[in-house]
$ cat structure_31.pdb   # PDB, C-alpha atoms (C1' of nucleotides)
ATOM      1  CA  MET G   1      11.328 -23.750  -4.323
ATOM      2  CA  PHE G   2       7.909 -25.090  -5.204
ATOM      3  CA  GLN G   3       5.435 -22.776  -6.857
ATOM      4  CA  ASN G   4       7.265 -19.836  -5.415
ATOM      5  CA  GLN G   5       6.713 -17.796  -8.541
ATOM      6  CA  ASP G   6       3.022 -18.671  -8.690
ATOM      7  CA  THR G   7       2.515 -17.790  -5.070
ATOM      8  CA  ALA G   8       4.356 -14.518  -5.485
ATOM      9  CA  SER G   9       2.204 -13.668  -8.494
ATOM     10  CA  LEU G  10      -0.952 -14.313  -6.523
ATOM     11  CA  LEU G  11       0.249 -12.084  -3.709
ATOM     12  CA  LYS G  12       1.290  -9.415  -6.140
ATOM     13  CA  ALA G  13      -2.081  -9.451  -7.844
ATOM     14  CA  LEU G  14      -3.793  -8.896  -4.500
ATOM     15  CA  GLY G  15      -1.154  -6.422  -3.400
ATOM     16  CA  HIS G  16      -2.927  -3.394  -4.777
ATOM     17  CA  PRO G  17      -5.554  -1.575  -2.746
ATOM     18  CA  VAL G  18      -8.105  -1.516  -5.547
ATOM     19  CA  ARG G  19      -7.742  -5.174  -6.397
ATOM     20  CA  LEU G  20      -7.765  -6.206  -2.772
ATOM     21  CA  GLN G  21     -10.936  -4.229  -2.245
ATOM     22  CA  ILE G  22     -12.533  -5.831  -5.283
ATOM     23  CA  ALA G  23     -11.716  -9.259  -3.900
ATOM     24  CA  ARG G  24     -13.308  -8.256  -0.616
ATOM     25  CA  GLU G  25     -16.453  -7.003  -2.291
ATOM     26  CA  LEU G  26     -16.808 -10.187  -4.278
ATOM     27  CA  ILE G  27     -16.911 -12.277  -1.123
ATOM     28  CA  SER G  28     -20.544 -11.325  -0.730
ATOM     29  CA  GLY G  29     -21.343 -12.464  -4.242
ATOM     30  CA  GLU G  30     -20.782 -11.756  -7.892
ATOM     31  CA  LYS G  31     -20.873  -8.212  -9.205
ATOM     32  CA  CYS G  32     -20.913  -6.752 -12.664
ATOM     33  CA  VAL G  33     -18.260  -4.306 -13.856
ATOM     34  CA  GLY G  34     -20.489  -1.283 -13.392
ATOM     35  CA  GLU G  35     -21.232  -2.219  -9.793
ATOM     36  CA  VAL G  36     -17.555  -2.590  -8.984
ATOM     37  CA  GLU G  37     -16.895   0.701 -10.709
ATOM     38  CA  ASN G  38     -19.480   2.469  -8.569
ATOM     39  CA  MET G  39     -18.487   0.828  -5.321
ATOM     40  CA  LEU G  40     -14.868   1.816  -5.683
ATOM     41  CA  SER G  41     -15.442   5.108  -7.463
ATOM     42  CA  ILE G  42     -12.897   4.471 -10.146
ATOM     43  CA  SER G  43     -13.157   4.799 -13.904
ATOM     44  CA  GLN G  44     -14.711   2.154 -16.098
ATOM     45  CA  ALA G  45     -11.477   1.491 -17.944
ATOM     46  CA  ASN G  46      -9.476   1.153 -14.771
ATOM     47  CA  THR G  47     -12.053  -1.169 -13.260
ATOM     48  CA  SER G  48     -11.862  -3.383 -16.303
ATOM     49  CA  GLN G  49      -8.080  -3.408 -16.194
ATOM     50  CA  HIS G  50      -7.908  -4.427 -12.553
ATOM     51  CA  LEU G  51     -10.526  -7.121 -13.061
ATOM     52  CA  SER G  52      -8.472  -8.404 -15.940
ATOM     53  CA  ILE G  53      -5.397  -8.716 -13.750
ATOM     54  CA  LEU G  54      -7.388 -10.590 -11.125
ATOM     55  CA  LYS G  55      -8.689 -12.916 -13.793
ATOM     56  CA  ILE G  56      -5.294 -13.575 -15.347
ATOM     57  CA  ASN G  57      -4.036 -14.552 -11.912
ATOM     58  CA  GLY G  58      -6.854 -17.002 -11.348
ATOM     59  CA  ILE G  59      -8.490 -15.059  -8.561
ATOM     60  CA  VAL G  60     -11.751 -14.274 -10.307
ATOM     61  CA  ASP G  61     -13.660 -15.500 -13.286
ATOM     62  CA  CYS G  62     -16.585 -14.001 -15.131
ATOM     63  CA  VAL G  63     -19.715 -14.891 -16.982
ATOM     64  CA  ARG G  64     -21.601 -12.848 -19.481
ATOM     65  CA  LYS G  65     -25.250 -12.264 -18.734
ATOM     66  CA  GLY G  66     -26.703 -10.604 -21.744
ATOM     67  CA  ASN G  67     -25.499  -7.118 -21.831
ATOM     68  CA  ILE G  68     -23.380  -7.229 -18.701
ATOM     69  CA  LYS G  69     -20.514  -9.274 -17.376
ATOM     70  CA  CYS G  70     -20.492 -10.659 -13.860
ATOM     71  CA  TYR G  71     -17.268 -11.267 -11.987
ATOM     72  CA  PHE G  72     -16.962 -13.645  -9.078
ATOM     73  CA  LEU G  73     -14.301 -15.221  -6.900
ATOM     74  CA  LYS G  74     -13.098 -18.461  -8.381
ATOM     75  CA  GLU G  75     -12.459 -19.987  -4.983
ATOM     76  CA  PRO G  76     -14.344 -17.929  -2.430
ATOM     77  CA  GLY G  77     -13.418 -20.137   0.503
ATOM     78  CA  LYS G  78      -9.726 -19.787  -0.084
ATOM     79  CA  ILE G  79      -9.821 -16.057  -0.584
ATOM     80  CA  LYS G  80     -11.924 -15.705   2.514
ATOM     81  CA  ARG G  81      -9.443 -17.693   4.547
ATOM     82  CA  LEU G  82      -6.531 -15.777   3.125
ATOM     83  CA  LEU G  83      -8.102 -12.432   3.952
ATOM     84  CA  ALA G  84      -9.037 -13.618   7.408
ATOM     85  CA  VAL G  85      -5.447 -14.557   8.176
ATOM     86  CA  LEU G  86      -4.279 -11.224   6.842
ATOM     87  CA  GLU G  87      -6.784  -9.187   8.777
ATOM     88  CA  LYS G  88      -5.792 -10.858  11.981
ATOM     89  CA  ALA G  89      -2.129 -10.198  11.263
ATOM     90  CA  ILE G  90      -2.755  -6.555  10.469
ATOM     91  CA  GLN G  91      -5.044  -5.908  13.406
ATOM     92  CA  GLU G  92      -2.644  -7.312  15.934
ATOM     93  CA  LYS G  93       0.113  -5.254  14.458
ATOM     94  CA  GLY G  94      -1.425  -1.873  15.298
TER      95      GLY G  94
ATOM     96  CA  MET X   1     -11.611  -1.462   5.138
ATOM     97  CA  PHE X   2      -9.188   1.178   6.251
ATOM     98  CA  GLN X   3      -6.623  -1.457   6.895
ATOM     99  CA  ASN X   4      -6.997  -2.062   3.191
ATOM    100  CA  GLN X   5      -3.906  -0.087   2.278
ATOM    101  CA  ASP X   6      -1.857  -1.761   4.996
ATOM    102  CA  THR X   7      -2.975  -5.183   3.932
ATOM    103  CA  ALA X   8      -2.231  -4.434   0.305
ATOM    104  CA  SER X   9       1.234  -3.242   1.261
ATOM    105  CA  LEU X  10       1.902  -6.435   3.142
ATOM    106  CA  LEU X  11       0.797  -8.517   0.181
ATOM    107  CA  LYS X  12       2.831  -6.431  -2.179
ATOM    108  CA  ALA X  13       5.932  -6.809  -0.046
ATOM    109  CA  LEU X  14       5.566 -10.577  -0.150
ATOM    110  CA  GLY X  15       4.585 -10.515  -3.804
ATOM    111  CA  HIS X  16       8.100 -10.839  -5.125
ATOM    112  CA  PRO X  17       9.699 -14.251  -5.538
ATOM    113  CA  VAL X  18      12.899 -13.278  -3.755
ATOM    114  CA  ARG X  19      11.158 -11.747  -0.770
ATOM    115  CA  LEU X  20       8.691 -14.594  -0.525
ATOM    116  CA  GLN X  21      11.561 -17.040  -0.536
ATOM    117  CA  ILE X  22      13.363 -15.067   2.151
ATOM    118  CA  ALA X  23      10.246 -15.202   4.321
ATOM    119  CA  ARG X  24      10.095 -18.938   3.796
ATOM    120  CA  GLU X  25      13.720 -19.425   4.736
ATOM    121  CA  LEU X  26      13.300 -17.393   7.887
ATOM    122  CA  ILE X  27      10.573 -19.712   9.132
ATOM    123  CA  SER X  28      13.256 -22.111  10.239
ATOM    124  CA  GLY X  29      15.026 -19.413  12.214
ATOM    125  CA  GLU X  30      16.980 -16.207  11.940
ATOM    126  CA  LYS X  31      19.631 -15.787   9.287
ATOM    127  CA  CYS X  32      22.274 -13.168   8.673
ATOM    128  CA  VAL X  33      22.485 -11.215   5.427
ATOM    129  CA  GLY X  34      25.319 -13.303   4.064
ATOM    130  CA  GLU X  35      23.423 -16.511   4.646
ATOM    131  CA  VAL X  36      20.371 -15.188   2.825
ATOM    132  CA  GLU X  37      22.614 -13.972   0.057
ATOM    133  CA  ASN X  38      24.148 -17.418  -0.368
ATOM    134  CA  MET X  39      20.899 -19.317  -0.090
ATOM    135  CA  LEU X  40      19.234 -17.304  -2.815
ATOM    136  CA  SER X  41      22.338 -16.699  -4.913
ATOM    137  CA  ILE X  42      21.713 -12.998  -5.318
ATOM    138  CA  SER X  43      24.054 -10.075  -4.802
ATOM    139  CA  GLN X  44      24.812  -8.581  -1.414
ATOM    140  CA  ALA X  45      23.284  -5.244  -2.302
ATOM    141  CA  ASN X  46      20.123  -6.775  -3.645
ATOM    142  CA  THR X  47      19.780  -8.977  -0.598
ATOM    143  CA  SER X  48      20.055  -5.963   1.641
ATOM    144  CA  GLN X  49      17.498  -4.060  -0.403
ATOM    145  CA  HIS X  50      14.933  -6.832  -0.269
ATOM    146  CA  LEU X  51      15.468  -7.312   3.446
ATOM    147  CA  SER X  52      14.950  -3.611   3.896
ATOM    148  CA  ILE X  53      11.595  -3.759   2.120
ATOM    149  CA  LEU X  54      10.526  -6.665   4.293
ATOM    150  CA  LYS X  55      11.538  -4.707   7.358
ATOM    151  CA  ILE X  56       9.771  -1.517   6.341
ATOM    152  CA  ASN X  57       6.611  -3.537   5.895
ATOM    153  CA  GLY X  58       6.842  -5.078   9.330
ATOM    154  CA  ILE X  59       7.473  -8.595   8.131
ATOM    155  CA  VAL X  60      10.965  -8.999   9.543
ATOM    156  CA  ASP X  61      13.131  -7.313  12.101
ATOM    157  CA  CYS X  62      16.816  -7.572  12.750
ATOM    158  CA  VAL X  63      19.370  -7.533  15.486
ATOM    159  CA  ARG X  64      23.020  -6.770  15.237
ATOM    160  CA  LYS X  65      25.343  -9.425  16.600
ATOM    161  CA  GLY X  66      28.757  -7.948  16.502
ATOM    162  CA  ASN X  67      29.895  -7.835  12.983
ATOM    163  CA  ILE X  68      26.795  -9.333  11.424
ATOM    164  CA  LYS X  69      23.116  -8.601  11.363
ATOM    165  CA  CYS X  70      20.517 -11.281  11.895
ATOM    166  CA  TYR X  71      17.092 -11.037  10.333
ATOM    167  CA  PHE X  72      14.075 -12.888  11.648
ATOM    168  CA  LEU X  73      10.324 -13.010  11.136
ATOM    169  CA  LYS X  74       8.592 -10.575  13.413
ATOM    170  CA  GLU X  75       5.545 -12.794  13.761
ATOM    171  CA  PRO X  76       6.539 -16.271  12.637
ATOM    172  CA  GLY X  77       3.186 -17.831  13.485
ATOM    173  CA  LYS X  78       1.261 -15.460  11.300
ATOM    174  CA  ILE X  79       3.600 -15.727   8.364
ATOM    175  CA  LYS X  80       3.538 -19.473   8.684
ATOM    176  CA  ARG X  81      -0.249 -19.515   8.655
ATOM    177  CA  LEU X  82      -0.374 -17.114   5.738
ATOM    178  CA  LEU X  83       2.001 -19.213   3.677
ATOM    179  CA  ALA X  84       0.142 -22.376   4.579
ATOM    180  CA  VAL X  85      -3.123 -20.938   3.302
ATOM    181  CA  LEU X  86      -1.403 -19.783   0.147
ATOM    182  CA  GLU X  87       0.299 -23.056  -0.525
ATOM    183  CA  LYS X  88      -2.949 -24.895  -0.204
ATOM    184  CA  ALA X  89      -4.629 -22.461  -2.576
ATOM    185  CA  ILE X  90      -1.860 -22.771  -5.139
ATOM    186  CA  GLN X  91      -1.596 -26.537  -4.972
ATOM    187  CA  GLU X  92      -5.304 -27.053  -5.507
ATOM    188  CA  LYS X  93      -5.202 -24.671  -8.410
ATOM    189  CA  GLY X  94      -2.909 -26.778 -10.590
TER     190      GLY X  94
ATOM    191  C1'  DT J   1     -30.021  -1.687 -39.274
ATOM    192  C1'  DA J   2     -28.972   2.206 -36.244
ATOM    193  C1'  DT J   3     -28.616   3.406 -31.538
ATOM    194  C1'  DT J   4     -27.634   2.685 -26.901
ATOM    195  C1'  DT J   5     -25.577   0.435 -23.013
ATOM    196  C1'  DA J   6     -21.901  -2.305 -21.013
ATOM    197  C1'  DT J   7     -17.349  -3.710 -21.186
ATOM    198  C1'  DA J   8     -12.659  -4.220 -23.213
ATOM    199  C1'  DT J   9      -8.517  -2.643 -25.341
ATOM    200  C1'  DA J  10      -4.885   0.590 -27.132
ATOM    201  C1'  DA J  11      -1.906   4.312 -26.630
ATOM    202  C1'  DC J  12       0.464   7.016 -23.625
ATOM    203  C1'  DA J  13       2.706   9.742 -19.872
ATOM    204  C1'  DA J  14       3.902   9.480 -15.124
ATOM    205  C1'  DT J  15       5.714   6.950 -11.621
ATOM    206  C1'  DA J  16       7.503   2.748  -9.323
ATOM    207  C1'  DT J  17      10.250  -1.300  -9.087
ATOM    208  C1'  DC J  18      14.205  -3.900 -10.144
ATOM    209  C1'  DA J  19      19.109  -5.391 -10.341
ATOM    210  C1'  DT J  20      23.676  -3.627 -10.892
ATOM    211  C1'  DT J  21      27.748  -0.972  -9.740
ATOM    212  C1'  DA J  22      30.116   1.832  -6.845
ATOM    213  C1'  DT J  23      30.787   3.676  -2.465
ATOM    214  C1'  DA J  24      29.881   4.405   2.394
ATOM    215  C1'  DT J  25      29.213   2.806   7.178
ATOM    216  C1'  DC J  26      29.656  -0.189  11.099
ATOM    217  C1'  DC J  27      32.057  -3.413  13.904
ATOM    218  C1'  DT J  28      35.989  -6.370  15.151
ATOM    219  C1'  DT J  29      40.630  -7.224  15.605
ATOM    220  C1'  DA J  30      45.427  -6.601  14.877
TER     221       DA J  30
ATOM    222  C1'  DT W   1      43.952   3.549  14.878
ATOM    223  C1'  DA W   2      44.404   1.083  10.550
ATOM    224  C1'  DA W   3      42.725  -2.931   8.025
ATOM    225  C1'  DG W   4      39.293  -6.086   6.786
ATOM    226  C1'  DG W   5      34.804  -8.229   6.811
ATOM    227  C1'  DA W   6      29.752  -7.500   6.834
ATOM    228  C1'  DT W   7      26.065  -4.703   5.653
ATOM    229  C1'  DA W   8      23.760  -0.449   3.935
ATOM    230  C1'  DT W   9      23.029   3.209   0.785
ATOM    231  C1'  DA W  10      23.306   6.051  -3.542
ATOM    232  C1'  DA W  11      23.106   6.437  -8.313
ATOM    233  C1'  DT W  12      21.514   4.655 -12.466
ATOM    234  C1'  DG W  13      19.385   2.494 -16.489
ATOM    235  C1'  DA W  14      16.034  -0.878 -17.750
ATOM    236  C1'  DT W  15      11.587  -2.501 -17.287
ATOM    237  C1'  DA W  16       6.909  -2.695 -15.150
ATOM    238  C1'  DT W  17       2.821  -0.694 -13.249
ATOM    239  C1'  DT W  18      -0.587   2.738 -12.957
ATOM    240  C1'  DG W  19      -4.420   5.743 -14.374
ATOM    241  C1'  DT W  20      -6.217   8.471 -18.111
ATOM    242  C1'  DT W  21      -8.174   9.311 -22.625
ATOM    243  C1'  DA W  22      -9.802   7.672 -26.677
ATOM    244  C1'  DT W  23     -11.556   4.081 -29.292
ATOM    245  C1'  DA W  24     -13.299  -0.576 -30.202
ATOM    246  C1'  DT W  25     -16.330  -4.557 -29.449
ATOM    247  C1'  DA W  26     -20.515  -6.984 -27.954
ATOM    248  C1'  DA W  27     -25.329  -7.423 -26.851
ATOM    249  C1'  DA W  28     -29.944  -5.424 -26.442
ATOM    250  C1'  DT W  29     -33.414  -2.767 -28.365
ATOM    251  C1'  DA W  30     -35.722   0.646 -31.027
TER     252       DA W  30
END
$ encode --input "structure_31.pdb" --output "structure tokens"
Amino acid sequence: MFQNQDTASLLKALGHPVRLQIARELISGEKCVGEVENMLSISQANTSQHLSILKINGIVDCVRKGNIKCYFLKEPGKIKRLLAVLEKAIQEKG
Amino acid sequence: MFQNQDTASLLKALGHPVRLQIARELISGEKCVGEVENMLSISQANTSQHLSILKINGIVDCVRKGNIKCYFLKEPGKIKRLLAVLEKAIQEKG
DNA sequence: TATTTATATAACAATATCATTATATCCTTA
DNA sequence: TAAGGATATAATGATATTGTTATATAAATA
């Protein structure tokens, strides 16, 4: 059972509609907290909390730029591939 | 984008170490409840509950064979691809 | 230095998930 | 049709997750 717990944690982190959507939005490039907040129409606090979970699980990282903080996918290629596989699976299911 | 909820549900279903391990074991072929139970060393009831969650989320299906019930991956190719992508992502992370 | 803007954290109530125990159901066979 | 094996379900308590509200921190600027 190699890295089973790590893999499960990664899946779990992405297994929430808000966090999955954030990951999707970040494919097109880094976004600051306020942008994510507006795109998903959720509260500032909740946005920050979900971003924190994504960061803890190694999915995103962030960099401060003066007053704001920009979040970005740590490994965009991998996330892109993962989402592509998933989309295909889901589409063919319906 | 509207498959977002479905995709998140799929990820969530696989985002538990026991269920992820079950999915992995089923790659090599169908297994009955008792076999899964023994392989993972968890209780019968818990095994059944996790299998039920996997089934509800369209990841596995089952067929009764007399006294026993065999569970199998509904779309082995897709699960295999998904896990392959994940494994690669995890391995390169460490 | 005081104010403003952007983000993070704490506290909390509501709900969900989890594993366990006990019991029920389904199928086979005697 | 009764008994036994295999699986499912119900009930439950413990823990985790979620979103909200309120507050704190950090950086820019007045």
$ calpha_fit_and_write --input "structure_31.pdb" --fixed "chain X" --moving "chain G" --output "tab-separated table (two decimals) with C-alpha atoms, keeping the file's coordinate frame"
chain	number	residue	atom	x	y	z
G	1	MET	CA	-12.37	-0.02	3.99
G	2	PHE	CA	-10.38	-0.87	7.08
G	3	GLN	CA	-6.64	-1.22	6.78
G	4	ASN	CA	-7.03	-1.96	3.12
G	5	GLN	CA	-3.91	-0.02	2.26
G	6	ASP	CA	-1.88	-1.70	4.99
G	7	THR	CA	-3.01	-5.13	3.93
G	8	ALA	CA	-2.25	-4.38	0.30
G	9	SER	CA	1.22	-3.18	1.26
G	10	LEU	CA	1.90	-6.38	3.16
G	11	LEU	CA	0.80	-8.46	0.20
G	12	LYS	CA	2.84	-6.37	-2.15
G	13	ALA	CA	5.94	-6.74	-0.03
G	14	LEU	CA	5.58	-10.52	-0.13
G	15	GLY	CA	4.58	-10.46	-3.77
G	16	HIS	CA	8.10	-10.80	-5.09
G	17	PRO	CA	9.71	-14.20	-5.53
G	18	VAL	CA	12.91	-13.24	-3.73
G	19	ARG	CA	11.17	-11.70	-0.76
G	20	LEU	CA	8.70	-14.53	-0.51
G	21	GLN	CA	11.55	-17.00	-0.52
G	22	ILE	CA	13.36	-15.05	2.17
G	23	ALA	CA	10.26	-15.15	4.33
G	24	ARG	CA	10.08	-18.90	3.81
G	25	GLU	CA	13.71	-19.40	4.74
G	26	LEU	CA	13.30	-17.38	7.90
G	27	ILE	CA	10.56	-19.68	9.15
G	28	SER	CA	13.25	-22.10	10.25
G	29	GLY	CA	15.03	-19.41	12.21
G	30	GLU	CA	16.99	-16.22	11.94
G	31	LYS	CA	19.65	-15.80	9.28
G	32	CYS	CA	22.30	-13.21	8.68
G	33	VAL	CA	22.50	-11.25	5.43
G	34	GLY	CA	25.33	-13.35	4.05
G	35	GLU	CA	23.40	-16.56	4.62
G	36	VAL	CA	20.36	-15.22	2.81
G	37	GLU	CA	22.61	-14.02	0.03
G	38	ASN	CA	24.11	-17.47	-0.40
G	39	MET	CA	20.84	-19.35	-0.13
G	40	LEU	CA	19.19	-17.30	-2.83
G	41	SER	CA	22.28	-16.71	-4.94
G	42	ILE	CA	21.70	-13.03	-5.33
G	43	SER	CA	24.05	-10.11	-4.83
G	44	GLN	CA	24.83	-8.65	-1.44
G	45	ALA	CA	23.34	-5.28	-2.32
G	46	ASN	CA	20.15	-6.79	-3.65
G	47	THR	CA	19.79	-9.00	-0.60
G	48	SER	CA	20.11	-5.99	1.64
G	49	GLN	CA	17.56	-4.07	-0.39
G	50	HIS	CA	14.96	-6.81	-0.25
G	51	LEU	CA	15.50	-7.31	3.46
G	52	SER	CA	15.01	-3.60	3.90
G	53	ILE	CA	11.66	-3.73	2.14
G	54	LEU	CA	10.56	-6.63	4.32
G	55	LYS	CA	11.59	-4.70	7.39
G	56	ILE	CA	9.84	-1.50	6.37
G	57	ASN	CA	6.66	-3.50	5.92
G	58	GLY	CA	6.90	-5.03	9.37
G	59	ILE	CA	7.53	-8.55	8.17
G	60	VAL	CA	11.01	-8.98	9.57
G	61	ASP	CA	13.20	-7.30	12.11
G	62	CYS	CA	16.90	-7.59	12.75
G	63	VAL	CA	19.46	-7.56	15.48
G	64	ARG	CA	23.12	-6.85	15.23
G	65	LYS	CA	25.43	-9.51	16.58
G	66	GLY	CA	28.88	-8.08	16.50
G	67	ASN	CA	30.00	-7.98	12.98
G	68	ILE	CA	26.88	-9.43	11.41
G	69	LYS	CA	23.20	-8.65	11.34
G	70	CYS	CA	20.57	-11.31	11.88
G	71	TYR	CA	17.13	-11.04	10.33
G	72	PHE	CA	14.11	-12.87	11.64
G	73	LEU	CA	10.36	-12.99	11.15
G	74	LYS	CA	8.63	-10.55	13.43
G	75	GLU	CA	5.58	-12.76	13.78
G	76	PRO	CA	6.56	-16.24	12.66
G	77	GLY	CA	3.20	-17.79	13.49
G	78	LYS	CA	1.29	-15.40	11.32
G	79	ILE	CA	3.61	-15.70	8.37
G	80	LYS	CA	3.52	-19.44	8.69
G	81	ARG	CA	-0.25	-19.46	8.66
G	82	LEU	CA	-0.38	-17.08	5.75
G	83	LEU	CA	2.00	-19.19	3.69
G	84	ALA	CA	0.14	-22.34	4.59
G	85	VAL	CA	-3.13	-20.90	3.31
G	86	LEU	CA	-1.40	-19.77	0.15
G	87	GLU	CA	0.30	-23.06	-0.51
G	88	LYS	CA	-2.95	-24.89	-0.20
G	89	ALA	CA	-4.62	-22.47	-2.60
G	90	ILE	CA	-1.84	-22.79	-5.14
G	91	GLN	CA	-1.56	-26.55	-4.93
G	92	GLU	CA	-5.23	-27.13	-5.49
G	93	LYS	CA	-5.15	-24.80	-8.42
G	94	GLY	CA	-2.78	-26.91	-10.53
$ closest_residue --input "structure_31.pdb" --among "X:Ser52, X:Thr7, X:Asn46, X:Gln91" --to "DC18 (chain J)" --atoms "only C-alpha atoms (C1' of nucleotides)"
X:Asn46
$ interface_residues --input "structure_31.pdb" --of "chain X" --to "chain J" --cutoff "12 Å" --atoms "all atoms listed in the file" --output "list of chain:residue names"
X:Lys12, X:Ala13, X:His16, X:Val18, X:Ile42, X:Ser43, X:Gln44, X:Ala45, X:Asn46, X:Thr47, X:Gln49, X:His50, X:Ile53, X:Arg64, X:Lys65, X:Gly66, X:Asn67, X:Ile68, X:Lys69
$ write_last_selection --input "structure_31.pdb" --atoms "C-alpha atoms" --output "PDB file, in the frame of the given file"
ATOM      1  CA  LYS X  12       2.831  -6.431  -2.179  1.00  0.00           C
ATOM      2  CA  ALA X  13       5.932  -6.809  -0.046  1.00  0.00           C
ATOM      3  CA  HIS X  16       8.100 -10.839  -5.125  1.00  0.00           C
ATOM      4  CA  VAL X  18      12.899 -13.278  -3.755  1.00  0.00           C
ATOM      5  CA  ILE X  42      21.713 -12.998  -5.318  1.00  0.00           C
ATOM      6  CA  SER X  43      24.054 -10.075  -4.802  1.00  0.00           C
ATOM      7  CA  GLN X  44      24.812  -8.581  -1.414  1.00  0.00           C
ATOM      8  CA  ALA X  45      23.284  -5.244  -2.302  1.00  0.00           C
ATOM      9  CA  ASN X  46      20.123  -6.775  -3.645  1.00  0.00           C
ATOM     10  CA  THR X  47      19.780  -8.977  -0.598  1.00  0.00           C
ATOM     11  CA  GLN X  49      17.498  -4.060  -0.403  1.00  0.00           C
ATOM     12  CA  HIS X  50      14.933  -6.832  -0.269  1.00  0.00           C
ATOM     13  CA  ILE X  53      11.595  -3.759   2.120  1.00  0.00           C
ATOM     14  CA  ARG X  64      23.020  -6.770  15.237  1.00  0.00           C
ATOM     15  CA  LYS X  65      25.343  -9.425  16.600  1.00  0.00           C
ATOM     16  CA  GLY X  66      28.757  -7.948  16.502  1.00  0.00           C
ATOM     17  CA  ASN X  67      29.895  -7.835  12.983  1.00  0.00           C
ATOM     18  CA  ILE X  68      26.795  -9.333  11.424  1.00  0.00           C
ATOM     19  CA  LYS X  69      23.116  -8.601  11.363  1.00  0.00           C
TER      20      LYS X  69
END
$ resolve_selection --input "structure_31.pdb" --expression "the PyMOL selection byres ((chain G and resi 88) around 12)" --output "list in words"
Arg81, Leu82, Leu83, Ala84, Val85, Leu86, Glu87, Ala89, Ile90, Gln91, Glu92, Lys93 and Gly94 of chain G; Gln3, Thr7, Glu75, Gly77, Lys78, Ile79, Arg81 and Leu82 of chain X
$ closest_residue --input "structure_31.pdb" --among "G:Lys74, G:Gly29, G:Ser41, G:Leu51" --to "chain X" --atoms "all atoms listed in the file"
G:Lys74
$ interface_residues --input "structure_31.pdb" --of "chain X" --to "chain G" --cutoff "6 Å" --atoms "all atoms listed in the file" --output "MDAnalysis selection string"
chainID X and resid 5 8 11:12 15:17
$ atom_distance --input "structure_31.pdb" --atom1 "CA of Tyr71 (chain X)" --atom2 "CA of Ile56 (chain X)"
12.7 Å
$ interface_residues --input "structure_31.pdb" --of "chain W" --to "chain X" --cutoff "12 Å" --atoms "all atoms listed in the file" --output "PyMOL selection string"
chain W and resi 4-10
$ atom_distance --input "structure_31.pdb" --atom1 "CA of Ala23 (chain X)" --atom2 "CA of Met39 (chain X)"
12.2 Å
